[in-house]
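Student: So here's model.cif (mmCIF, C-alpha atoms).
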data_input
#
loop_
_atom_site.label_atom_id
_atom_site.label_comp_id
_atom_site.auth_asym_id
_atom_site.auth_seq_id
_atom_site.Cartn_x
_atom_site.Cartn_y
_atom_site.Cartn_z
CA MET H 1 8.82 7.12 11.63
CA SER H 2 5.09 7.76 11.75
CA ARG H 3 2.72 5.39 10.01
CA GLU H 4 1.87 8.12 7.50
CA THR H 5 5.53 8.67 6.60
CA TYR H 6 6.03 4.95 6.31
CA PHE H 7 3.00 4.64 4.05
CA LEU H 8 4.29 7.41 1.80
CA CYS H 9 7.79 5.88 1.54
CA MET H 10 6.34 2.43 0.96
CA THR H 11 3.98 3.67 -1.76
CA LEU H 12 6.80 5.50 -3.51
CA THR H 13 9.17 2.51 -3.26
CA ALA H 14 6.55 0.15 -4.65
CA GLY H 15 5.66 2.75 -7.29
CA VAL H 16 9.23 3.18 -8.50
CA VAL H 17 9.66 -0.60 -8.82
CA THR H 18 6.29 -1.09 -10.52
CA ILE H 19 6.79 1.72 -13.00
CA ALA H 20 10.38 0.62 -13.71
CA LEU H 21 9.07 -2.87 -14.49
CA ARG H 22 6.46 -1.48 -16.84
CA ALA H 23 9.02 0.72 -18.58
CA PHE H 24 11.72 -1.95 -18.79
CA PRO H 25 10.92 -3.34 -22.27
CA PHE H 26 10.46 0.13 -23.73
CA LEU H 27 13.80 1.32 -22.40
CA MET H 28 15.90 -1.78 -22.99
CA PHE H 29 14.62 -3.43 -26.11
CA SER H 30 13.58 -0.68 -28.42
CA GLY H 31 14.04 -1.46 -32.06
CA ASN H 32 14.77 -5.01 -33.06
CA ARG H 33 17.04 -6.03 -30.20
CA PRO H 34 16.05 -9.54 -29.15
CA VAL H 35 15.02 -10.23 -25.57
CA PRO H 36 17.60 -12.37 -23.71
CA PRO H 37 16.15 -15.87 -23.21
CA VAL H 38 16.89 -15.88 -19.48
CA ILE H 39 14.69 -12.80 -18.96
CA ARG H 40 11.84 -14.39 -20.88
CA TYR H 41 12.31 -17.52 -18.83
CA ILE H 42 12.27 -15.78 -15.44
CA GLY H 43 9.30 -13.67 -16.49
CA LYS H 44 7.44 -16.84 -17.35
CA VAL H 45 8.20 -19.05 -14.34
CA LEU H 46 8.36 -16.48 -11.55
CA PRO H 47 4.74 -15.24 -11.30
CA PRO H 48 3.06 -18.49 -10.12
CA ALA H 49 5.86 -19.10 -7.60
CA ALA H 50 5.62 -15.55 -6.26
CA ILE H 51 1.84 -15.78 -5.88
CA ALA H 52 2.11 -19.19 -4.17
CA MET H 53 4.73 -17.81 -1.80
CA LEU H 54 2.48 -14.86 -0.95
CA ILE H 55 -0.41 -17.19 -0.15
CA VAL H 56 1.76 -19.03 2.38
CA TYR H 57 2.84 -15.63 3.72
CA CYS H 58 -0.81 -14.55 4.11
CA TYR H 59 -1.56 -17.65 6.20
CA CYS H 60 1.55 -17.10 8.32
CA SER H 61 0.61 -13.42 8.84
CA ALA H 62 -2.89 -14.40 9.92
CA TYR H 63 -1.40 -16.38 12.80
CA GLN H 64 1.40 -14.04 13.70
CA ASP H 65 -0.48 -12.21 16.44
CA LYS H 66 -2.60 -15.01 17.79
CA SER H 67 -2.06 -18.60 18.74
CA PHE H 68 -3.01 -21.34 16.35
CA ALA H 69 -5.66 -22.57 18.80
CA SER H 70 -7.33 -19.18 19.36
CA GLY H 71 -7.46 -18.63 15.61
CA GLY H 72 -9.46 -21.81 15.06
CA PHE H 73 -6.64 -24.23 14.20
CA GLY H 74 -6.50 -22.93 10.65
CA LEU H 75 -9.97 -24.26 9.92
CA PRO H 76 -11.51 -20.89 8.93
CA GLU H 77 -8.71 -20.37 6.39
CA LEU H 78 -9.04 -23.92 5.12
CA ALA H 79 -12.81 -23.71 4.66
CA ALA H 80 -12.72 -20.32 2.94
CA SER H 81 -9.76 -21.31 0.73
CA VAL H 82 -11.47 -24.50 -0.42
CA LEU H 83 -14.57 -22.47 -1.33
CA VAL H 84 -12.53 -19.89 -3.28
CA VAL H 85 -10.54 -22.48 -5.24
CA ALA H 86 -13.57 -24.67 -5.93
CA LEU H 87 -15.70 -21.74 -7.13
CA GLN H 88 -12.90 -20.39 -9.29
CA PHE H 89 -12.24 -23.82 -10.76
CA TRP H 90 -15.91 -24.29 -11.50
CA LYS H 91 -17.17 -20.84 -12.53
CA ARG H 92 -13.95 -18.94 -13.42
CA ASN H 93 -15.49 -15.74 -12.07
CA PRO H 94 -12.86 -14.00 -9.91
CA LEU H 95 -15.27 -11.58 -8.22
CA LEU H 96 -17.71 -14.32 -7.26
CA SER H 97 -14.92 -16.50 -5.85
CA ILE H 98 -13.27 -13.71 -3.87
CA ILE H 99 -16.46 -12.24 -2.44
CA SER H 100 -17.94 -15.63 -1.48
CA GLY H 101 -14.76 -16.81 0.19
CA THR H 102 -14.27 -13.54 2.07
CA ILE H 103 -17.86 -13.47 3.33
CA LEU H 104 -17.60 -17.08 4.51
CA TYR H 105 -14.35 -16.29 6.29
CA MET H 106 -15.79 -13.16 7.94
CA VAL H 107 -18.87 -15.05 9.12
CA ILE H 108 -16.71 -17.82 10.62
CA VAL H 109 -14.20 -15.60 12.41
CA GLN H 110 -16.83 -13.16 13.68
CA ASN H 111 -19.20 -15.78 15.03
CA PHE H 112 -17.39 -19.01 15.74
CA VAL H 113 -13.80 -18.25 16.63
CA MET R 114 -9.33 12.37 -29.34
CA THR R 115 -12.76 12.23 -30.95
CA LYS R 116 -15.95 11.49 -29.04
CA ARG R 117 -16.44 8.41 -31.16
CA VAL R 118 -13.18 6.75 -30.18
CA PHE R 119 -13.60 7.69 -26.53
CA LYS R 120 -17.03 6.08 -26.58
CA ALA R 121 -15.53 2.91 -28.06
CA ALA R 122 -12.91 2.93 -25.31
CA PHE R 123 -15.61 3.36 -22.68
CA VAL R 124 -17.67 0.45 -24.03
CA SER R 125 -14.58 -1.78 -24.14
CA SER R 126 -13.67 -0.79 -20.59
CA LEU R 127 -17.07 -1.64 -19.04
CA PRO R 128 -16.03 -5.11 -17.79
CA VAL R 129 -12.99 -3.47 -16.20
CA LEU R 130 -15.32 -0.94 -14.51
CA MET R 131 -17.14 -3.82 -12.78
CA GLY R 132 -13.96 -5.57 -11.72
CA TYR R 133 -11.94 -2.53 -10.66
CA SER R 134 -14.66 -0.78 -8.73
CA ALA R 135 -15.50 -3.93 -6.74
CA MET R 136 -11.91 -5.01 -6.11
CA GLY R 137 -10.78 -1.45 -5.50
CA MET R 138 -13.54 -0.95 -2.99
CA ALA R 139 -12.58 -4.17 -1.19
CA ALA R 140 -8.95 -2.98 -1.04
CA GLY R 141 -10.04 0.42 0.28
CA ILE R 142 -12.30 -1.08 2.94
CA LEU R 143 -9.51 -3.44 3.98
CA LEU R 144 -7.11 -0.52 4.29
CA ALA R 145 -9.60 1.51 6.34
CA GLY R 146 -10.46 -1.45 8.55
CA THR R 147 -6.90 -2.52 9.28
CA VAL R 148 -4.54 0.44 9.27
CA LYS R 149 -5.03 3.56 11.33
CA LEU R 150 -3.83 6.48 9.21
CA LYS R 151 -4.67 10.16 9.38
CA PHE R 152 -6.30 11.39 6.14
CA LEU R 153 -6.91 7.80 5.08
CA PRO R 154 -8.85 8.57 1.85
CA PHE R 155 -5.95 10.72 0.71
CA TRP R 156 -3.50 7.85 1.21
CA ALA R 157 -5.83 5.46 -0.55
CA PHE R 158 -6.10 7.92 -3.45
CA LEU R 159 -2.35 8.47 -3.64
CA SER R 160 -1.31 4.84 -3.44
CA SER R 161 -3.89 3.59 -5.92
CA GLY R 162 -3.22 6.48 -8.30
CA ILE R 163 0.53 5.91 -8.33
CA ASN R 164 0.66 2.14 -8.41
CA ILE R 165 -2.54 1.01 -10.17
CA SER R 166 -1.81 -2.55 -9.07
CA GLY R 167 -4.44 -4.79 -7.48
CA ALA R 168 -2.44 -7.34 -5.54
CA LEU R 169 -0.05 -4.64 -4.39
CA GLN R 170 -2.91 -2.51 -3.07
CA PHE R 171 -4.04 -5.41 -0.90
CA ILE R 172 -0.70 -6.55 0.41
CA MET R 173 0.33 -2.97 1.21
CA VAL R 174 -2.03 -3.23 4.16
CA ASN R 175 0.06 -6.06 5.63
CA TRP R 176 3.26 -4.19 4.98
CA THR R 177 2.01 -1.06 6.72
CA GLU R 178 0.92 -3.04 9.74
CA ALA R 179 4.28 -4.81 9.94
CA LEU R 180 6.29 -1.69 8.89
CA LEU R 181 8.07 -4.01 6.47
CA PRO R 182 11.57 -2.72 5.60
CA LEU R 183 11.62 -0.85 2.27
CA THR R 184 14.20 -3.20 0.75
CA GLN R 185 11.70 -6.02 1.23
CA VAL R 186 8.93 -3.82 -0.15
CA ALA R 187 11.02 -3.30 -3.29
CA LEU R 188 11.89 -6.98 -3.69
CA LEU R 189 8.34 -8.17 -3.10
CA THR R 190 6.89 -5.58 -5.47
CA PHE R 191 9.36 -6.86 -8.03
CA CYS R 192 8.21 -10.47 -7.60
CA LEU R 193 4.57 -9.51 -7.60
CA ASN R 194 4.69 -7.27 -10.65
CA VAL R 195 7.46 -8.77 -12.77
CA ARG R 196 4.79 -9.83 -15.26
CA TYR R 197 4.33 -6.15 -16.22
CA ALA R 198 7.88 -6.23 -17.59
CA MET R 199 6.74 -8.82 -20.13
CA TYR R 200 3.71 -6.92 -21.37
CA GLY R 201 5.65 -4.09 -22.91
CA PHE R 202 7.35 -6.33 -25.44
CA SER R 203 4.20 -6.64 -27.47
CA LEU R 204 3.47 -2.90 -27.32
CA ILE R 205 6.85 -1.35 -28.17
CA GLU R 206 6.11 -1.00 -31.88
CA LYS R 207 2.55 0.14 -31.36
CA PHE R 208 3.38 2.98 -28.96
CA ARG R 209 6.37 4.28 -30.91
CA PRO R 210 4.56 7.05 -32.86
CA LEU R 211 3.38 8.75 -29.66
CA PRO R 212 5.12 11.75 -28.11
CA TRP R 213 6.98 10.84 -24.92
CA LEU R 214 4.41 12.23 -22.51
CA LYS R 215 1.54 10.16 -23.88
CA ARG R 216 3.78 7.13 -24.28
CA GLY R 217 4.93 7.57 -20.70
CA TYR R 218 1.34 7.65 -19.50
CA LEU R 219 0.48 4.45 -21.38
CA ILE R 220 3.52 2.74 -19.86
CA TRP R 221 2.75 3.96 -16.35
CA SER R 222 -0.89 2.90 -16.54
CA LEU R 223 -0.26 -0.61 -17.90
CA THR R 224 -2.20 -3.18 -15.88
CA ASP R 225 -3.30 -6.73 -16.72
CA GLU R 226 -6.72 -5.61 -17.89
CA THR R 227 -5.55 -2.49 -19.73
CA TYR R 228 -2.91 -4.54 -21.50
CA ALA R 229 -5.52 -7.04 -22.65
CA LEU R 230 -7.58 -4.24 -24.24
CA GLU R 231 -4.58 -2.44 -25.73
CA VAL R 232 -3.16 -5.47 -27.55
CA ASP R 233 -6.64 -5.90 -29.01
CA SER R 234 -7.01 -2.23 -29.97
CA ALA R 235 -6.97 -2.81 -33.73
CA ALA R 236 -10.20 -4.81 -33.54
CA ARG R 237 -11.82 -2.47 -31.04
CA THR R 238 -11.13 0.93 -32.60
CA PRO R 239 -13.87 2.27 -34.91
CA ALA R 240 -12.86 2.51 -38.58
CA GLY R 241 -11.01 5.70 -39.41
CA GLU R 242 -10.10 6.42 -35.81
CA ASN R 243 -6.66 6.34 -34.25
CA GLN R 244 -5.85 3.13 -32.34
CA LEU R 245 -3.58 5.03 -30.01
CA ASP R 246 -6.40 7.35 -29.00
CA PHE R 247 -8.37 4.25 -28.13
CA CYS R 248 -5.46 2.99 -26.00
CA LEU R 249 -5.18 6.34 -24.21
CA GLY R 250 -8.92 6.37 -23.55
CA VAL R 251 -8.90 2.85 -22.12
CA ALA R 252 -5.80 3.52 -20.01
CA PHE R 253 -7.32 6.69 -18.57
CA LEU R 254 -10.70 5.13 -17.81
CA ASP R 255 -9.22 2.02 -16.18
CA HIS R 256 -6.93 4.21 -14.09
CA LEU R 257 -9.93 6.29 -13.03
CA TYR R 258 -12.07 3.25 -12.08
CA TRP R 259 -9.32 1.86 -9.88
CA LEU R 260 -8.59 5.20 -8.23
CA ILE R 261 -12.26 5.85 -7.49
CA GLY R 262 -12.86 2.29 -6.29
CA VAL R 263 -10.03 2.31 -3.77
CA THR R 264 -10.74 5.83 -2.52
CA ALA R 265 -14.47 5.18 -2.20
CA GLY R 266 -13.70 1.95 -0.32
CA ALA R 267 -11.49 3.84 2.11
CA VAL R 268 -14.18 6.48 2.70
CA ILE R 269 -16.92 3.88 3.16
CA GLY R 270 -14.73 1.68 5.36
CA ALA R 271 -13.86 4.60 7.62
CA ALA R 272 -17.43 5.95 7.79
CA LEU R 273 -19.39 2.75 8.33
CA PRO R 274 -18.77 1.21 11.71
CA PHE R 275 -19.31 -2.35 10.55
CA ASP R 276 -17.36 -5.32 11.84
CA SER R 277 -14.65 -5.81 9.23
CA ARG R 278 -12.87 -8.59 11.08
CA GLY R 279 -11.80 -11.20 8.56
CA ILE R 280 -12.02 -8.93 5.50
CA ASP R 281 -8.27 -9.33 5.09
CA PHE R 282 -9.02 -12.75 3.66
CA ALA R 283 -9.97 -10.94 0.42
CA MET R 284 -6.27 -10.65 -0.33
CA THR R 285 -5.61 -14.34 0.20
CA ALA R 286 -8.66 -15.06 -1.92
CA LEU R 287 -7.36 -12.81 -4.71
CA PHE R 288 -4.06 -14.67 -4.75
CA LEU R 289 -5.84 -18.03 -4.66
CA VAL R 290 -7.95 -17.04 -7.66
CA VAL R 291 -4.91 -15.93 -9.65
CA LEU R 292 -3.06 -19.12 -8.75
CA THR R 293 -6.04 -21.35 -9.57
CA ASP R 294 -6.14 -19.83 -13.05
CA GLN R 295 -2.40 -20.11 -13.52
CA CYS R 296 -2.40 -23.74 -12.39
CA GLN R 297 -4.23 -24.81 -15.50
CA SER R 298 -0.83 -25.27 -17.08
CA LYS R 299 1.56 -27.94 -15.83
CA ILE R 300 4.65 -25.76 -15.87
CA ASN R 301 2.86 -23.21 -13.67
CA ARG R 302 1.86 -25.91 -11.18
CA LEU R 303 5.51 -26.88 -10.91
CA SER R 304 6.47 -23.25 -10.42
CA ALA R 305 3.77 -22.79 -7.78
CA ALA R 306 5.07 -25.85 -5.93
CA VAL R 307 8.53 -24.27 -5.88
CA GLY R 308 6.98 -21.12 -4.40
CA ILE R 309 5.08 -23.01 -1.70
CA ILE R 310 8.07 -25.13 -0.66
CA SER R 311 10.38 -22.10 -0.64
CA ALA R 312 7.92 -20.13 1.50
CA ILE R 313 7.54 -22.99 3.97
CA CYS R 314 11.32 -23.35 4.22
CA GLY R 315 11.56 -19.59 4.75
CA ARG R 316 9.00 -19.74 7.56
CA VAL R 317 10.62 -22.80 9.19
CA PHE R 318 14.01 -21.13 9.46
CA PHE R 319 12.93 -17.48 9.95
CA SER R 320 10.08 -15.48 11.50
CA THR R 321 7.03 -14.47 9.46
CA SER R 322 8.34 -10.95 8.93
CA ASN R 323 11.70 -12.25 7.67
CA MET R 324 10.62 -15.28 5.67
CA LEU R 325 10.13 -13.72 2.25
CA ILE R 326 13.66 -12.81 1.23
CA PRO R 327 15.15 -16.25 1.97
CA ALA R 328 12.16 -17.79 0.21
CA MET R 329 12.74 -15.62 -2.86
CA VAL R 330 16.45 -16.44 -2.91
CA MET R 331 15.60 -20.14 -2.76
CA MET R 332 13.05 -19.77 -5.56
CA GLY R 333 15.51 -17.90 -7.77
CA ALA R 334 18.21 -20.51 -7.15
CA VAL R 335 15.86 -23.38 -7.98
CA PHE R 336 14.73 -21.69 -11.20
CA ILE R 337 18.27 -20.99 -12.36
CA ILE R 338 19.67 -24.41 -11.41
CA PHE R 339 16.78 -26.40 -12.85
CA ARG R 340 16.16 -24.16 -15.84
CA GLY R 341 16.40 -27.12 -18.20
CA LYS R 342 13.54 -28.85 -16.42
CA PHE R 343 11.27 -25.80 -16.49
CA GLU R 344 11.71 -24.81 -20.10
CA ARG R 345 9.55 -26.68 -22.52
CA LYS R 346 12.41 -27.14 -24.97
CA PRO R 347 15.60 -27.11 -22.92
CA GLU R 348 17.99 -25.52 -25.38
CA GLN R 349 20.92 -25.24 -23.07
CA LYS R 350 21.57 -25.94 -19.44
CA GLU R 351 23.16 -23.24 -17.39
CA GLY R 352 24.67 -23.63 -13.95
CA GLU R 353 24.28 -19.97 -13.15
CA GLU R 354 23.50 -16.70 -14.78
#
Kindly present the structure from the file in structure tokens form.
Tutor:
Amino acid sequence: MSRETYFLCMTLTAGVVTIALRAFPFLMFSGNRPVPPVIRYIGKVLPPAAIAMLIVYCYCSAYQDKSFASGGFGLPELAASVLVVALQFWKRNPLLSIISGTILYMVIVQNFV
Amino acid sequence: MTKRVFKAAFVSSLPVLMGYSAMGMAAGILLAGTVKLKFLPFWAFLSSGINISGALQFIMVNWTEALLPLTQVALLTFCLNVRYAMYGFSLIEKFRPLPWLKRGYLIWSLTDETYALEVDSAARTPAGENQLDFCLGVAFLDHLYWLIGVTAGAVIGAALPFDSRGIDFAMTALFLVVLTDQCQSKINRLSAAVGIISAICGRVFFSTSNMLIPAMVMMGAVFIIFRGKFERKPEQKEGEE
């Protein structure tokens, strides 16, 4: 499969799932049918866990193709992550946090690693 | 739709314009800098236009590089976007008067930011105007900002030969920002801890490309088994669902 074909299939797969999720309440619980408690529960507790899992996955992916040592022993990730979390905690401005952390990370990996 | 209501929708959507164009551009540049695709701006346009989902747009780049199996794509998209399934509950009544095509568009284009404006539409629509026209205006404009941001990013990223090494950290940063905000509540911190431990277990026992499904299974099992502990008022304990 070419990368283009893969990209198309992947986009459509993700699109079907995303749109089905958006449509779910409208299709299932029209009228006054109550929402089953277990669905509410999963919808509430899953998002932070999924995001946390993806963060770990991002770190693992960053080291998939290179050794831990040649990638800077995880220090670039650590430094940039601390900056992002600290800025977000302090200023609550997502754009500022993301851009600052990314620039710091780019500077470190392009110049020091 | 009158000019007046469209103008109100535009004014309300201005903060989203800032956010979407910047984030979309970052996602587009990341895509252009990481993945080699023919007709890249077209793919950026298509994927952002269909999905309209920020985190997804970023992580897609990883998936394309790894040629992640589509079953995993589906499962991960589910985990990432399951929150969208909750938004609709507060909009069912509001959207009911619309014909199916317009209702379908509002459902398709529902993002975090668009949702926030749509639930607030009563206060934001000028007197005498139709709230649903306001919602349609906001949905369309937000969709457009995202689409243009991502596509422009892909064009710029492909045209400018600048060193984009390390720009993939933008995705990690996006997730960190979302998690930092979510972790203000105790229950979310507990949930995040479950996610981190599950992911580490997944990575310990499997390779990076295979870690996510076992991690998700572990997460799901923990949430179902310990449901009583996670719910603020544990009404009933259930062994399984």
Student: With a distance threshold of 7 Å and counting all atoms listed in the file, extract the residues of chain H near chain R and express them as a ChimeraX atom specification.
Tutor: /H:3-4,7,10-11,13-15,17-19,21-26,30,43,45,47-53,55-56,58,60-61,81,84-85,88-89,94,98,101-102,105-106,109-110
Student: Interatomic distance between CA of Trp259 in chain R and CA of Leu144 in chain R?
Tutor: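 That distance, rounded to one decimal, is 14.5 Å.
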Student: Calculate how many Å separate CA of Ala121 in chain R from CA of Arg237 in chain R, rounding to one decimal.
Tutor: 7.2 Å
Student: Given the PyMOL selection byres ((chain R and resi 242-247) around 8) and the file above, list the residues it selects as a list in words.
Tutor: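 That expression, the PyMOL selection byres ((chain R and resi 242-247) around 8), corresponds here to Met114, Val118, Phe119, Ala121, Ala122, Lys207, Phe208, Leu211, Ser234, Ala235, Thr238, Pro239, Ala240, Gly241, Cys248, Leu249, Gly250 and Val251 of chain R.
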Student: Would you mind exporting C-alpha atoms of the selected residues as a JSON list (two decimals), in the coordinates of the input?
Tutor:
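Done, and the output landed in again-v3.json:
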[["chain", "number", "residue", "atom", "x", "y", "z"],
["R", 114, "MET", "CA", -9.33, 12.37, -29.34],
["R", 118, "VAL", "CA", -13.18, 6.75, -30.18],
["R", 119, "PHE", "CA", -13.60, 7.69, -26.53],
["R", 121, "ALA", "CA", -15.53, 2.91, -28.06],
["R", 122, "ALA", "CA", -12.91, 2.93, -25.31],
["R", 207, "LYS", "CA", 2.55, 0.14, -31.36],
["R", 208, "PHE", "CA", 3.38, 2.98, -28.96],
["R", 211, "LEU", "CA", 3.38, 8.75, -29.66],
["R", 234, "SER", "CA", -7.01, -2.23, -29.97],
["R", 235, "ALA", "CA", -6.97, -2.81, -33.73],
["R", 238, "THR", "CA", -11.13, 0.93, -32.60],
["R", 239, "PRO", "CA", -13.87, 2.27, -34.91],
["R", 240, "ALA", "CA", -12.86, 2.51, -38.58],
["R", 241, "GLY", "CA", -11.01, 5.70, -39.41],
["R", 248, "CYS", "CA", -5.46, 2.99, -26.00],
["R", 249, "LEU", "CA", -5.18, 6.34, -24.21],
["R", 250, "GLY", "CA", -8.92, 6.37, -23.55],
["R", 251, "VAL", "CA", -8.90, 2.85, -22.12]]
Student: Please report the interatomic distance between CA of Ile142 in chain R and CA of Leu87 in chain H in Å with one decimal.
Tutor: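 Going from CA of Ile142 in chain R over to CA of Leu87 in chain H, I get 23.2 Å.
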